[in-house]
Amino acid sequence: MIEQPMMAKICDIQEESPCVKTFFFKLNLNFEPGQFVMVWIPLLDEKPFTISYIQKDLVGISVLKRGVFTNAIHSKKIGDMLGIRGPYGRGFSLKLDSNSCVVGGGIGMASLSILVDRLNFTSEGYRGNVTFIQGARTASELLYQKRFKDMKLCTDDGTVGFKGTTVDLLKDLLKKQRFQKVYACGPERMLYKVVELCREHSIECEVSLERYMKCGFGVCGQCDCSGQRVCIEGPVFNTEELSRMEDFGRITITKTGERVIHS
Amino acid sequence: MSEINLSVNLCGIQLTNPTILASGILGTTKALLKRVAENGAGAVTIKSISVESREGHKNPTVITFEAGMLNAVGYSNPGVDAAAREFTNLQDVGVPVIASVIGTQKDDFLRVVDGLSAQRFSAIEIPLSCPHTPGFGLLAGQGTPQATFDITSAVRKVTKLPIFVKLSPNIPEICTIAKAAEDAGADAITAVNSMGPGMIINIEAQKPILSFKVGGVTGDALRPIAVRCVYDLYKAIKIPIIGVGGISTGRHAIEMIMAGASAIGIGTGVYSRGIDVFKKVCEEISLWMQENGFDSIKSMVGAAHD
């Protein structure tokens, strides 16, 4: 674990969609799918991101352009440096050799991509089957289409694939198929529905939550979700844990520390 | 193994053990306070509350190093009205809850105390000693004997709850300030706040890591200084002392108690030993007491003095 930000040089940049770029670094991180790192731009800010690529000695983070900080990352060029510390948190627990479904919404896909890599390429030879669902608002926002050829796509506007949400698609699939485990990352509204659906069908399920974070190592209390620190006990939680977390799908915490209704 | 009694009476507040969650760590929500209580804390302190909401400094706000932690969170908090909504029915927490109250001027402290008065807090802590937030604590001149006396006596007039005044280790005349607080009606002194400020520079970036550049130093690096402050205070004042600074083991806790602390605060220890640091510290205190023939916390308070 890297305790203080380590300055890593950007060695490649890949455009994933008009608003998402992946930045690659030569960095040796002992990273498990679902964990996160804190990315620092000196004198500007620091925020949590997942690792979306692990290739030999390269790691990549996929960044959606959303605000001042992510805009600043997007303006970085090859050779520029970003500070990285971590990895932090508890990732997914992989249920190998079973039929699983991985459900990604929007930039939540970034957190799931190396999980799917791992499920597909375990050394023992993975005997299960992975169904990978990706949802986006519209076709141009879809990610990693060359990387994962067999994804089931859905868009809110129907420009590509199934017209509707990932939850609608999962519901459809469950009529014909049986999964032993569902993994999901995306907007919390979506995660809440995925968890409900899995509960109805008695399917094991893990989802990765997002909260505003400060320290990343469990002391500041900023990322609390019903007494669970998303940075330590999470960001991945299972159905049973989530059933005790009343704030899940309902309440989030602002920068000031106020608990507010999830937007 | 017989159960050792770790209970302490702090200004009339009955604690099952002397460990207290220090302010600024995990005290953002009632759910987290409850979790800390379940992990063995004898009492918990909320994250400091001001009149208006504050976002605090930008990240990075907290960073660790070999000997502890450096932080400049900048008093992010939702403001007194939202805090009053969050911290209702505090009996659910299971242990006494201490309110930490901050202000840029005397009236602010009174407004926050008033705003939280309907909730069941067990004590009010006023930190007059933050080293890294403009407008508050040391950066607002609250660390002088006069300011300490004025603010403490003003708060004394509006609350019957015990008042804990939290002091900075930076100030050589800490005893003078503690006496000013005692004279103004404080019931206990919390010693100490973070020291410094300090700075950590990333040499590749050639920039300080914290966005505020400087931050308060806590953890192991602070402990010997905190112990010395408590030792000096024990001789100088009559009111009890809550010893805080770098405590993460039972031995550290006993050291602080022997210096003169009646109870001890734990903050950075949550990082180094996990959220159950309270339980661990209590077990270690018990074991040591058993091995060394002590049967109460009280019997160890100030034991290091001549």
# chains A, B, ... in the order shown; residues from 1 in each chain; ligands from 1

$ residues_around --residues "segment 238-242 of chain A" --least-positions-apart "2" --cutoff "6 Å" --atoms "only C-alpha atoms" --output "compact mmCIF listing (two decimals) with N, CA and C atoms, in the first residue's frame"
# COMPACT_ATOMS: atom_id res chain seq x y z
N CYS A 205 -25.31 -11.23 -4.17
CA CYS A 205 -25.06 -10.00 -4.92
C CYS A 205 -24.10 -9.09 -4.16
N GLU A 206 -23.19 -8.47 -4.89
CA GLU A 206 -22.29 -7.46 -4.31
C GLU A 206 -22.32 -6.22 -5.17
N ARG A 244 -28.78 -4.04 6.32
CA ARG A 244 -28.68 -3.35 7.61
C ARG A 244 -28.28 -1.88 7.44
N MET A 245 -28.08 -1.46 6.18
CA MET A 245 -27.64 -0.09 5.93
C MET A 245 -28.80 0.74 5.38

$ interface_residues --of "chain B" --to "chain A" --cutoff "9 Å" --atoms "only C-alpha atoms" --output "PyMOL selection string"
chain B and resi 24-36+47+53-56+58-65+73+75-79+82-83+86+202+204-213+267-268+270-271+274-275

$ select_by_dssp --residues "segment 29-70 of chain B" --states "strand (DSSP E)" --output "list in words"
Ala43, Val44, Thr45, Val62, Ile63, Thr64, Phe65, Gly68, Met69 and Leu70 of chain B

$ write_last_selection --atoms "N, CA and C atoms" --output "PDB file, in the first residue's frame"
ATOM      1  N   ALA B  43     -16.795   6.861  25.948  1.00  0.00           N
ATOM      2  CA  ALA B  43     -17.577   8.037  25.557  1.00  0.00           C
ATOM      3  C   ALA B  43     -17.117   8.429  24.157  1.00  0.00           C
ATOM      4  N   VAL B  44     -17.932   9.234  23.478  1.00  0.00           N
ATOM      5  CA  VAL B  44     -17.567   9.648  22.122  1.00  0.00           C
ATOM      6  C   VAL B  44     -17.774  11.147  21.967  1.00  0.00           C
ATOM      7  N   THR B  45     -16.980  11.757  21.094  1.00  0.00           N
ATOM      8  CA  THR B  45     -17.084  13.195  20.843  1.00  0.00           C
ATOM      9  C   THR B  45     -17.451  13.398  19.377  1.00  0.00           C
ATOM     10  N   VAL B  62      -6.101  14.892   4.994  1.00  0.00           N
ATOM     11  CA  VAL B  62      -5.507  14.024   6.016  1.00  0.00           C
ATOM     12  C   VAL B  62      -4.474  13.130   5.337  1.00  0.00           C
ATOM     13  N   ILE B  63      -3.297  13.067   5.912  1.00  0.00           N
ATOM     14  CA  ILE B  63      -2.263  12.201   5.336  1.00  0.00           C
ATOM     15  C   ILE B  63      -1.466  11.568   6.485  1.00  0.00           C
ATOM     16  N   THR B  64      -1.052  10.330   6.286  1.00  0.00           N
ATOM     17  CA  THR B  64      -0.304   9.669   7.353  1.00  0.00           C
ATOM     18  C   THR B  64       1.195   9.729   7.048  1.00  0.00           C
ATOM     19  N   PHE B  65       1.994   9.557   8.076  1.00  0.00           N
ATOM     20  CA  PHE B  65       3.445   9.442   7.902  1.00  0.00           C
ATOM     21  C   PHE B  65       3.956   8.474   8.954  1.00  0.00           C
ATOM     22  N   GLY B  68       2.702   9.158  12.598  1.00  0.00           N
ATOM     23  CA  GLY B  68       1.376   9.665  12.903  1.00  0.00           C
ATOM     24  C   GLY B  68       0.648  10.201  11.696  1.00  0.00           C
ATOM     25  N   MET B  69      -0.031  11.306  11.923  1.00  0.00           N
ATOM     26  CA  MET B  69      -0.919  11.829  10.895  1.00  0.00           C
ATOM     27  C   MET B  69      -0.800  13.354  10.854  1.00  0.00           C
ATOM     28  N   LEU B  70      -1.028  13.890   9.682  1.00  0.00           N
ATOM     29  CA  LEU B  70      -1.052  15.339   9.510  1.00  0.00           C
ATOM     30  C   LEU B  70      -2.430  15.663   8.943  1.00  0.00           C
TER      31      LEU B  70
END

$ closest_residue --among "A:Val207, A:Ile261, A:Val236, A:Leu58" --to "Phe23 of chain A" --atoms "only C-alpha atoms"
A:Leu58

$ residues_around --residues "Gly34 of chain A" --least-positions-apart "6" --cutoff "6 Å" --atoms "only C-alpha atoms" --output "PyMOL selection string"
chain A and resi 91-92+111

$ residues_around --residues "Gln180 of chain A" --least-positions-apart "6" --cutoff "8 Å" --atoms "only C-alpha atoms" --output "list in words"
Ser98, Asn99, Ser100, Ile203 and Glu204 of chain A

$ residues_around --residues "Cys19 of chain A" --least-positions-apart "4" --cutoff "12 Å" --atoms "only C-alpha atoms" --output "mmCIF file with C-alpha atoms, in the first residue's frame"
data_model
loop_
_atom_site.group_PDB
_atom_site.id
_atom_site.type_symbol
_atom_site.label_atom_id
_atom_site.label_comp_id
_atom_site.auth_asym_id
_atom_site.auth_seq_id
_atom_site.Cartn_x
_atom_site.Cartn_y
_atom_site.Cartn_z
ATOM 1 C CA GLN A 14 -6.815 6.257 -24.434
ATOM 2 C CA GLU A 15 -10.107 7.828 -25.416
ATOM 3 C CA SER A 62 -10.771 5.698 -16.503
ATOM 4 C CA VAL A 63 -11.947 9.211 -15.745
ATOM 5 C CA LEU A 64 -15.313 10.735 -16.611
ATOM 6 C CA LYS A 65 -15.145 14.465 -17.220
ATOM 7 C CA ARG A 66 -17.587 15.768 -14.650
ATOM 8 C CA GLY A 67 -16.224 18.731 -12.695
ATOM 9 C CA THR A 70 -11.795 15.614 -13.655
ATOM 10 C CA ASN A 71 -11.491 18.395 -16.243
ATOM 11 C CA ILE A 73 -7.142 15.354 -15.271
ATOM 12 C CA HIS A 74 -8.488 15.347 -18.833
ATOM 13 C CA SER A 75 -6.177 18.222 -19.742
ATOM 14 C CA GLY A 106 -22.210 4.613 -16.763
ATOM 15 C CA ILE A 107 -18.716 5.160 -15.359
ATOM 16 C CA SER A 140 -21.819 7.333 -27.643
ATOM 17 C CA GLU A 141 -21.367 6.942 -23.875
ATOM 18 C CA LEU A 142 -20.811 3.181 -23.973
ATOM 19 C CA LEU A 143 -17.352 2.054 -22.809
#

$ closest_residue --among "A:Asp168, A:Val182, A:Val160, A:Glu210" --to "Thr131 of chain A" --atoms "only C-alpha atoms"
A:Val182

$ closest_residue --among "B:Ala72, B:Ile266, B:Ile4, B:Ala123" --to "Ile20 of chain B" --atoms "only C-alpha atoms"
B:Ile266

$ closest_residue --among "A:Gln55, A:Thr165, A:Asn120, A:Ser113" --to "Arg147 of chain A" --atoms "only C-alpha atoms"
A:Ser113

$ atom_distance --atom1 "atom CA of Ile46 of chain B" --atom2 "atom CA of Phe237 of chain A"
26.0 Å
